[in-house]
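Worksheet for the structure shown next.
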Amino acid sequence: MITKYTYGNPFQTDAVVQKLEVQNGNVPYFTVVKTEEQLQFEYTLENEEKVYGLGENVRGINKRGWIYKSCCADEPNHVEDRTSLYASHNFLVLDGGKEQFGVFFDYPGIITFDVGYTHLNELKITLSEPDADVYVMTGESILDIVKQFRQLIGRSYIPPKWAFGYQQSRWGYMNEDDIREVVKGHREKKIPLESIYMDIDYMERFKDFTVNQERFPDFPEFVKEMKAQHIHLVPIIDAGVKVEEGYDVYEEGIEKGYFCKKENGEYFVAGVWPGKVHFPDVLNKEAREWFGNKYQVLLDQGIEGFWNDMNEPSIFFAQDRMDETFDKIAELKDKNLDLDTFQQFTGLVGSLANNTDDFKKFYHNVDGKMMRHDKVHNLFGYNMTRAAGEAFERLSPEKRILMFSRSSYIGMHRYGGIWTGDNKSWWNHLLLNLRMMPSLNMVGILYTGADIGGFGADATEDLVMRWIQLAMFSPLMRNHSAMGTRKQEVYRFDHVEEFRKIINIRYGLLAYIYSEYMKSALNSEMYFKPLSFVYTDDEFASQVEDQLLVGDSLMIAPVYNQNAKGRYVYLPEEMAMLRFRGVDDYDTEILPAGHHYVEAGLFEMLVFVRPDKILVLTDGGEYADEVDCDHVKALAFVKTKAEYVWYEDDGMGKDYENPDNYGRITIEKGGNCVYTGSREKKIEVKLL
Ligand code: GLC
């Protein structure tokens with residue numbers, strides 16, 4: 001059951017799609033403190049109570065013991081003492097206390113979630129204004145609560161099937177030849193590859209919706225050349241539009257008044273990659289439509305996918321603050337240069353980038369009403385991506401377009417996925433990646449993954465190998481790194497054959513991963529689940545934050561420590577373990593419930609099949625279209641009778657509700673297999 005409570009006069013974020021009657025009175029469970037300035041929700045946590053949620057953020061699956069902030073930030077240091085990353089996902093589920101419930105604070109400004117930071121047993125949520133819609137959910141289980149919430153916020157974005165392939169990116173592919181070299185590096189060694197990402201350098205002076213003519217003299221032709229090799233090119237689009245006379249997007253935006261303005265009516269100027277930019281006012285319906293239509297320029301050249309970046313929005317500097325800073329520094333220069341002036345100087349310079357005070361300096365025109373940005377800050381990335389998503393519905397109604405964003409708010413999950421931003425080539429970011437996945441699924445973000453190998457810092461071969469073994473299961477499987485760091489395309493390392501074999505497993509799993517993704521999206525379910533959400537009576541399950549359930553049949557337990565040759569694994573029930581080295585190179589073992597130390601050498605990946613469940617495995621391929629899903633092996637761990645509901649479609653169109661998309665495999669103890677479905681299948685049974 002979901003109940004809606006309204007405080008004050010909240011901004012309509014369009015996070016939810018169901019219209020509910022407002023319940024009178026205060027939300028249950030919490031003590032509500034309302035003042036003129038803010039709204040506070042206080043709650044006493046029981047010792048054993050768990051707090052799940054908050055989507056993209058630092059730390060564990062259980063969020064207890066830290067203070068988190070919803071304030072979308074361009075934060076490249078994903079370390080434990082940060083409070084926000086790029087997103088704002090104000091949804092929590094409380095479990096193990098007097099009552100189990102979920103709560104969503106639909107408020108687009110800054111919120112702090114003190115989850116037992118100030119006092120171990122106190123949860124205090126502070127909204128920086130007294131206006132919000134708050135939804136409270138109860139249900140039979142955590143999964144039921146999440147499902148109700150997901151139905152409230154609407155169906156998750158569905159990408160084309162090719163977007164589940166292995167993708168390669170790097171900030172620094174400058175021109176056609178750089179891209180050709182990377183494609184060749186993979187294809188020559190038969191390492192599967194689906195797409196290449198085009199970072200900001202493909203543009204003409206970082207101007208959105210342009211292609212640099214010197215670097216890509218005939219772009220549509222180049223797109224074709226890549227397609228002939230089954231490679232999709234995925235260009236980046238940044239939030240800031242370069243201020244440059246003669247640039248059509250800039251000129252049009254000025255003419256139509258579609259950029260964010262200051263209080264005095266002048267356009268707000270920020271500095272990002274292109275130098276000076278204006279922000280398109282994506283909270284304004286017309287401006288959003290206008291910006292969205294711009295993607296057509298690239299769609300027309302054969303592009304089928306995009307990533308939206310810098311949309312917190314990131315502000316390297318605000319022009320006005322920069323001017324003031326120069327003036328203040330000039331004054332300092334006249335003083336004696338002592339420690340104090342040095343500190344003032346570094347303080348001034350250090351506070352230029354992403355200064356939250358700048359959020360108070362510009363406005364959005366929402367239905368004729370000027371909204372100061374800080375009050376709706378967390379909606380910017382959401383609405384930039386919504387601009388694209390709404391446009392794709394108009395421009396490409398029949399065909400899915402790949403879209404994911406860096407910044408997000410709940411509601412954006414209907415228009416695109418996210419990647420988890422600028423992580424680092426650190427082993428603990430591999431673990432952070434794992435922990436973030438289920439929290440993101442709770443808020444409807446299913447198409448997601450982290451930069452494999454880490455974005456910042458130098459990656460090592462073993463880190464990339466282990467990361468691929470985790471990212472094997474994330475819907476977005478993309479290797480990405482920053483300019484200036486060590487190159488980490490897998491063919492550059494020593495063990496190319498092992499990388500080929502391991503990435504090929506992704507293609508072996510494609511039928512399963514796609515089927516599970518689609519069922520999760522269509523049924524408002526989680527694709528990645530913590531053990532504790534499923535094994536609700538198992539007291540130890542909630543202690544496990546380094547294993548996940550993936551879809552209906554599998555549990556994963558990736559190795560995330562350097563030099564480890566295996567790991568401890570907890571099995572809440574008997575399972576069949578598969579130790580994969582390649583799609584047809586694996587050994588199997590049935591393990592009883594309990595704690596185990598399991599060996600997994602660097603090139604080995606552990607997968608566990610649950611009892612009475614089935615894993616469909618294909619022979620793999622070098623790209624998604626090559627995978628033959630009609631000849632599969634069904635790896636079944638049969639205790640009584642194993643079953644699998646298999647979703648398939650053409651991977652491009654939008655005929656999701658067609659009952660022909662579903663098939664069912666049933667395997668009995670002796671191995672007798674029945675397939676019902678509309679497709680012709682050749683299924684080879686392998687009993688585990
Ligand atoms: C941002 C993005 C990163 C990208 C870089 C250059 O840091 O998060 O993925 O490579 O900008 O565009």
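Chain labels follow the order of the structure tokens: the first chain is A, the next B, and so on; residue numbering restarts at 1 in every chain, and ligands are counted from 1 in their shown order.
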inquiry  = Give me the residues near Met472 of chain A as a ChimeraX atom specification, where near means some atom within 8 Å (using only C-alpha atoms) and where sequence neighbours in that chain fewer than 4 positions away do not count.
reply    = /A:468,477,503,505-506
task = Enumerate residues in contact with ligand 1: an atom-to-atom distance of at most 10 Å, counting only C-alpha atoms and all ligand atoms. Format the result as a ChimeraX atom specification.
result = /A:74-76,86,169-172,197-201,206,236-238,272-273,307-311,314,405-407,419-423,451,455-456,480-483
File dump, residues just selected, C-alpha atoms, as an mmCIF file, in the first residue's frame:
data_model
loop_
_atom_site.group_PDB
_atom_site.id
_atom_site.type_symbol
_atom_site.label_atom_id
_atom_site.label_comp_id
_atom_site.auth_asym_id
_atom_site.auth_seq_id
_atom_site.Cartn_x
_atom_site.Cartn_y
_atom_site.Cartn_z
ATOM 1 C CA ASP A 74 30.494 16.469 -10.206
ATOM 2 C CA GLU A 75 32.462 14.487 -7.642
ATOM 3 C CA PRO A 76 35.416 12.543 -9.025
ATOM 4 C CA TYR A 86 26.132 12.596 -9.152
ATOM 5 C CA SER A 169 35.517 3.957 -24.389
ATOM 6 C CA ARG A 170 38.344 6.303 -23.547
ATOM 7 C CA TRP A 171 38.607 10.019 -23.269
ATOM 8 C CA GLY A 172 41.246 10.630 -25.891
ATOM 9 C CA TYR A 197 32.297 5.722 -27.333
ATOM 10 C CA MET A 198 33.121 9.131 -28.691
ATOM 11 C CA ASP A 199 34.193 11.477 -25.935
ATOM 12 C CA ILE A 200 34.256 15.276 -26.222
ATOM 13 C CA ASP A 201 37.058 15.389 -28.794
ATOM 14 C CA PHE A 206 33.302 20.896 -27.700
ATOM 15 C CA ILE A 236 28.764 12.165 -25.717
ATOM 16 C CA ILE A 237 26.506 15.199 -25.260
ATOM 17 C CA ASP A 238 27.441 17.726 -22.570
ATOM 18 C CA VAL A 272 33.015 23.886 -18.596
ATOM 19 C CA TRP A 273 34.966 21.975 -21.313
ATOM 20 C CA TRP A 307 25.634 9.438 -23.207
ATOM 21 C CA ASN A 308 24.703 12.681 -21.466
ATOM 22 C CA ASP A 309 27.436 14.179 -19.337
ATOM 23 C CA MET A 310 28.306 17.113 -17.048
ATOM 24 C CA ASN A 311 24.639 17.477 -16.216
ATOM 25 C CA SER A 314 29.045 20.704 -13.492
ATOM 26 C CA SER A 405 23.342 9.925 -18.159
ATOM 27 C CA ARG A 406 25.758 10.872 -15.422
ATOM 28 C CA SER A 407 23.393 12.836 -13.184
ATOM 29 C CA TRP A 419 26.896 5.125 -15.533
ATOM 30 C CA THR A 420 28.335 5.707 -12.102
ATOM 31 C CA GLY A 421 30.702 8.504 -13.090
ATOM 32 C CA ASP A 422 34.386 9.088 -12.594
ATOM 33 C CA ASN A 423 35.517 6.227 -10.426
ATOM 34 C CA ASP A 451 33.633 2.388 -15.800
ATOM 35 C CA PHE A 455 38.235 6.049 -15.022
ATOM 36 C CA GLY A 456 40.908 7.965 -13.114
ATOM 37 C CA HIS A 480 36.290 3.669 -19.937
ATOM 38 C CA SER A 481 39.281 5.679 -18.789
ATOM 39 C CA ALA A 482 40.520 9.228 -18.521
ATOM 40 C CA MET A 483 42.953 11.023 -20.743
#
message = Need the shell around Leu395 of chain A: protein/DNA/RNA residues with any atom at most 8 Å away, counting only C-alpha atoms. Skip same-chain ones fewer than 2 positions apart. Format as a PyMOL selection string?
response = chain A and resi 293+296+391-393+397
Mind dumping the selected residues with N, CA, C and O atoms as a PDB file, in the first residue's frame?
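This went into again_8.pdb:
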ATOM      1  N   ASN A 293      15.249  17.886 -29.669  1.00  0.00           N
ATOM      2  CA  ASN A 293      15.221  17.761 -31.132  1.00  0.00           C
ATOM      3  C   ASN A 293      16.605  17.855 -31.750  1.00  0.00           C
ATOM      4  O   ASN A 293      16.823  17.387 -32.863  1.00  0.00           O
ATOM      5  N   GLN A 296      18.619  14.927 -33.244  1.00  0.00           N
ATOM      6  CA  GLN A 296      18.320  14.465 -34.602  1.00  0.00           C
ATOM      7  C   GLN A 296      19.523  14.621 -35.533  1.00  0.00           C
ATOM      8  O   GLN A 296      19.739  13.784 -36.412  1.00  0.00           O
ATOM      9  N   ALA A 391      12.366  13.246 -26.952  1.00  0.00           N
ATOM     10  CA  ALA A 391      12.636  13.480 -28.372  1.00  0.00           C
ATOM     11  C   ALA A 391      12.723  12.158 -29.127  1.00  0.00           C
ATOM     12  O   ALA A 391      12.200  12.034 -30.234  1.00  0.00           O
ATOM     13  N   PHE A 392      13.366  11.156 -28.522  1.00  0.00           N
ATOM     14  CA  PHE A 392      13.496   9.866 -29.218  1.00  0.00           C
ATOM     15  C   PHE A 392      12.126   9.242 -29.485  1.00  0.00           C
ATOM     16  O   PHE A 392      11.928   8.584 -30.496  1.00  0.00           O
ATOM     17  N   GLU A 393      11.201   9.466 -28.556  1.00  0.00           N
ATOM     18  CA  GLU A 393       9.843   8.956 -28.780  1.00  0.00           C
ATOM     19  C   GLU A 393       9.232   9.595 -30.031  1.00  0.00           C
ATOM     20  O   GLU A 393       8.499   8.951 -30.769  1.00  0.00           O
ATOM     21  N   PRO A 397      10.114   6.625 -33.115  1.00  0.00           N
ATOM     22  CA  PRO A 397       9.073   5.942 -32.332  1.00  0.00           C
ATOM     23  C   PRO A 397       9.157   4.418 -32.375  1.00  0.00           C
ATOM     24  O   PRO A 397       8.734   3.745 -31.446  1.00  0.00           O
TER      25      PRO A 397
END
Straight-line distance linking atom CA of Asn433 of chain A with atom CA of Asn479 of chain A, stated in Å to one decimal =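 Answer for the atom CA of Asn433 of chain A to atom CA of Asn479 of chain A separation: 13.3 Å.
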Trp290 of chain A surroundings by only C-alpha atoms, 12 Å radius, close-in-sequence under 3 positions cut, as a ChimeraX atom specification = /A:249-250,252-253,256-259,280-287,293-296,384,386-388,390-391
Write the residues of the preceding selection, restricted to N, CA, C and O atoms, as a short mmCIF file (atom, residue, chain, number, x, y, z; two decimals), in the first residue's frame.
data_model
loop_
_atom_site.label_atom_id
_atom_site.label_comp_id
_atom_site.auth_asym_id
_atom_site.auth_seq_id
_atom_site.Cartn_x
_atom_site.Cartn_y
_atom_site.Cartn_z
N VAL A 249 23.20 26.27 -32.42
CA VAL A 249 22.50 25.91 -31.18
C VAL A 249 22.54 27.10 -30.22
O VAL A 249 21.54 27.44 -29.57
N TYR A 250 23.68 27.73 -30.16
CA TYR A 250 23.82 28.91 -29.30
C TYR A 250 22.90 30.03 -29.79
O TYR A 250 22.11 30.60 -29.03
N GLU A 252 20.27 30.02 -31.71
CA GLU A 252 18.84 29.71 -31.57
C GLU A 252 18.39 29.82 -30.12
O GLU A 252 17.32 30.36 -29.83
N GLY A 253 19.20 29.26 -29.22
CA GLY A 253 18.86 29.28 -27.79
C GLY A 253 18.73 30.71 -27.29
O GLY A 253 17.82 31.03 -26.50
N LYS A 256 15.53 32.33 -28.81
CA LYS A 256 14.26 31.84 -28.24
C LYS A 256 14.20 32.00 -26.73
O LYS A 256 13.17 31.71 -26.12
N GLY A 257 15.29 32.41 -26.14
CA GLY A 257 15.31 32.59 -24.69
C GLY A 257 15.30 31.26 -23.94
O GLY A 257 14.71 31.14 -22.87
N TYR A 258 15.96 30.24 -24.49
CA TYR A 258 15.91 28.90 -23.90
C TYR A 258 17.07 28.58 -22.95
O TYR A 258 17.19 27.44 -22.51
N PHE A 259 17.91 29.55 -22.65
CA PHE A 259 18.99 29.27 -21.69
C PHE A 259 18.64 29.84 -20.32
O PHE A 259 17.83 30.77 -20.20
N PRO A 280 21.06 24.98 -21.20
CA PRO A 280 19.70 24.94 -21.75
C PRO A 280 18.73 24.75 -20.58
O PRO A 280 19.00 23.97 -19.67
N ASP A 281 17.63 25.47 -20.61
CA ASP A 281 16.68 25.41 -19.49
C ASP A 281 15.78 24.19 -19.66
O ASP A 281 14.60 24.31 -20.02
N VAL A 282 16.33 23.02 -19.37
CA VAL A 282 15.59 21.78 -19.62
C VAL A 282 14.39 21.57 -18.69
O VAL A 282 13.60 20.66 -18.89
N LEU A 283 14.24 22.44 -17.69
CA LEU A 283 13.05 22.36 -16.86
C LEU A 283 11.87 23.08 -17.52
O LEU A 283 10.74 22.99 -17.05
N ASN A 284 12.18 23.82 -18.57
CA ASN A 284 11.15 24.50 -19.33
C ASN A 284 10.73 23.59 -20.48
O ASN A 284 11.57 23.13 -21.25
N LYS A 285 9.43 23.36 -20.58
CA LYS A 285 8.94 22.35 -21.53
C LYS A 285 9.38 22.64 -22.98
O LYS A 285 9.84 21.74 -23.68
N GLU A 286 9.24 23.88 -23.38
CA GLU A 286 9.59 24.21 -24.78
C GLU A 286 11.09 24.09 -25.01
O GLU A 286 11.53 23.59 -26.05
N ALA A 287 11.86 24.56 -24.04
CA ALA A 287 13.31 24.49 -24.20
C ALA A 287 13.76 23.03 -24.21
O ALA A 287 14.68 22.65 -24.95
N ASN A 293 15.25 17.89 -29.67
CA ASN A 293 15.22 17.76 -31.13
C ASN A 293 16.60 17.86 -31.75
O ASN A 293 16.82 17.39 -32.86
N LYS A 294 17.55 18.45 -31.03
CA LYS A 294 18.90 18.61 -31.58
C LYS A 294 19.60 17.27 -31.79
O LYS A 294 20.50 17.16 -32.62
N TYR A 295 19.18 16.25 -31.03
CA TYR A 295 19.83 14.94 -31.17
C TYR A 295 19.63 14.38 -32.59
O TYR A 295 20.36 13.50 -33.03
N GLN A 296 18.62 14.93 -33.24
CA GLN A 296 18.32 14.47 -34.60
C GLN A 296 19.52 14.62 -35.53
O GLN A 296 19.74 13.78 -36.41
N MET A 384 17.62 16.88 -18.61
CA MET A 384 18.42 16.86 -19.85
C MET A 384 18.19 15.52 -20.55
O MET A 384 18.01 15.43 -21.77
N ARG A 386 15.63 13.53 -20.02
CA ARG A 386 14.23 13.48 -20.42
C ARG A 386 14.03 14.19 -21.77
O ARG A 386 13.26 13.74 -22.61
N ALA A 387 14.78 15.29 -21.95
CA ALA A 387 14.72 16.00 -23.23
C ALA A 387 15.03 15.03 -24.36
O ALA A 387 14.31 14.96 -25.36
N ALA A 388 16.10 14.26 -24.16
CA ALA A 388 16.50 13.30 -25.19
C ALA A 388 15.47 12.18 -25.31
O ALA A 388 15.03 11.84 -26.41
N GLU A 390 12.29 12.06 -24.48
CA GLU A 390 11.02 12.49 -25.10
C GLU A 390 11.21 12.71 -26.60
O GLU A 390 10.33 12.38 -27.40
N ALA A 391 12.37 13.25 -26.95
CA ALA A 391 12.64 13.48 -28.37
C ALA A 391 12.72 12.16 -29.13
O ALA A 391 12.20 12.03 -30.23
#
Do you know which residues are at most 9 Å from Arg478 of chain A counting only C-alpha atoms, after dropping those on the same chain fewer than 3 positions away, and could you put them as a compact mmCIF listing (two decimals) with all heavy atoms, in the first residue's frame?
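Saved the output as selection.txt:
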# COMPACT_ATOMS: atom_id res chain seq x y z
N GLY A 165 26.14 -5.55 -25.07
CA GLY A 165 27.42 -6.12 -25.47
C GLY A 165 28.58 -5.45 -24.75
O GLY A 165 28.39 -4.58 -23.90
N TYR A 166 29.79 -5.86 -25.10
CA TYR A 166 30.99 -5.27 -24.48
C TYR A 166 31.36 -3.99 -25.22
O TYR A 166 31.50 -3.97 -26.44
CB TYR A 166 32.15 -6.27 -24.53
CG TYR A 166 33.42 -5.72 -23.93
CD1 TYR A 166 33.51 -5.44 -22.57
CD2 TYR A 166 34.53 -5.46 -24.73
CE1 TYR A 166 34.67 -4.91 -22.02
CE2 TYR A 166 35.71 -4.94 -24.19
CZ TYR A 166 35.77 -4.67 -22.83
OH TYR A 166 36.91 -4.14 -22.29
N GLN A 167 31.54 -2.91 -24.45
CA GLN A 167 31.72 -1.60 -25.07
C GLN A 167 33.04 -0.98 -24.62
O GLN A 167 33.46 -1.14 -23.47
CB GLN A 167 30.55 -0.70 -24.69
CG GLN A 167 29.20 -1.43 -24.80
CD GLN A 167 28.01 -0.51 -24.75
OE1 GLN A 167 27.88 0.37 -25.58
NE2 GLN A 167 27.15 -0.69 -23.76
N GLN A 168 33.65 -0.26 -25.55
CA GLN A 168 34.96 0.33 -25.25
C GLN A 168 34.91 1.85 -25.39
O GLN A 168 34.36 2.37 -26.36
CB GLN A 168 36.01 -0.25 -26.21
CG GLN A 168 37.43 0.27 -25.97
CD GLN A 168 37.95 -0.07 -24.57
OE1 GLN A 168 37.92 -1.22 -24.14
NE2 GLN A 168 38.43 0.93 -23.85
N SER A 169 35.50 2.50 -24.41
CA SER A 169 35.52 3.96 -24.39
C SER A 169 36.86 4.44 -23.86
O SER A 169 37.57 3.68 -23.18
CB SER A 169 34.39 4.42 -23.46
OG SER A 169 34.29 5.81 -23.42
N GLY A 449 26.07 0.63 -14.94
CA GLY A 449 27.35 -0.03 -14.74
C GLY A 449 28.39 1.04 -14.43
O GLY A 449 28.13 2.23 -14.62
N ALA A 450 29.53 0.60 -13.95
CA ALA A 450 30.62 1.54 -13.65
C ALA A 450 31.66 1.46 -14.77
O ALA A 450 31.64 0.53 -15.58
CB ALA A 450 31.26 1.16 -12.32
N ASP A 451 32.54 2.44 -14.82
CA ASP A 451 33.63 2.39 -15.80
C ASP A 451 34.54 1.21 -15.44
O ASP A 451 35.23 1.22 -14.41
CB ASP A 451 34.44 3.69 -15.78
CG ASP A 451 33.67 4.86 -16.38
OD1 ASP A 451 32.62 4.63 -17.01
OD2 ASP A 451 34.13 6.02 -16.22
N ILE A 452 34.56 0.21 -16.29
CA ILE A 452 35.39 -0.98 -16.04
C ILE A 452 36.86 -0.58 -16.04
O ILE A 452 37.30 0.15 -16.92
CB ILE A 452 35.17 -2.04 -17.14
CG1 ILE A 452 33.75 -2.57 -17.08
CG2 ILE A 452 36.19 -3.17 -17.04
CD1 ILE A 452 33.41 -3.52 -18.21
N ALA A 471 31.58 -6.88 -14.04
CA ALA A 471 30.78 -6.14 -15.04
C ALA A 471 30.14 -7.08 -16.04
O ALA A 471 29.22 -6.70 -16.77
CB ALA A 471 31.65 -5.12 -15.75
key: Who sits within 10 Å of Lys34 of chain A, only C-alpha atoms, same chain under 2 positions skipped, as JSON, numbers by chain   = {"A": [7, 8, 31, 32, 36, 37, 38, 39, 40, 41, 126, 127, 129, 130, 131]}
Residues of segment 113-195 of chain A at most 12 Å from segment 608-621 of chain A: nearest atom pair and distance in Å, only C-alpha atoms, as a tab-separated table:
residue	atom	partner	partner_atom	distance
A:Gly165	CA	A:Gly621	CA	10.0
A:Tyr166	CA	A:Gly621	CA	10.9
A:Arg187	CA	A:Gly621	CA	11.5
A:Lys190	CA	A:Gly621	CA	9.1
A:Ile191	CA	A:Gly621	CA	9.1
A:Pro192	CA	A:Gly621	CA	6.7
A:Leu193	CA	A:Gly621	CA	9.4
A:Glu194	CA	A:Gly621	CA	10.5
ask   = To one decimal place, how far is atom CA of Glu245 of chain A from atom CA of Gln319 of chain A in Å?
value =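 It comes out at 17.6 Å.
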inquiry  = If I take atom CA of Arg59 of chain A and atom CA of Thr83 of chain A, how far is one from the other in Å, to one decimal?
reply    =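 About the pair atom CA of Arg59 of chain A and atom CA of Thr83 of chain A: they are 9.6 Å apart.
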message = When DSSP is applied to the backbone of this structure, which of segment 447-495 of chain A are assigned helix (DSSP H, G or I)? Write them out as a PyMOL selection string.
response = chain A and resi 461-471+490-492
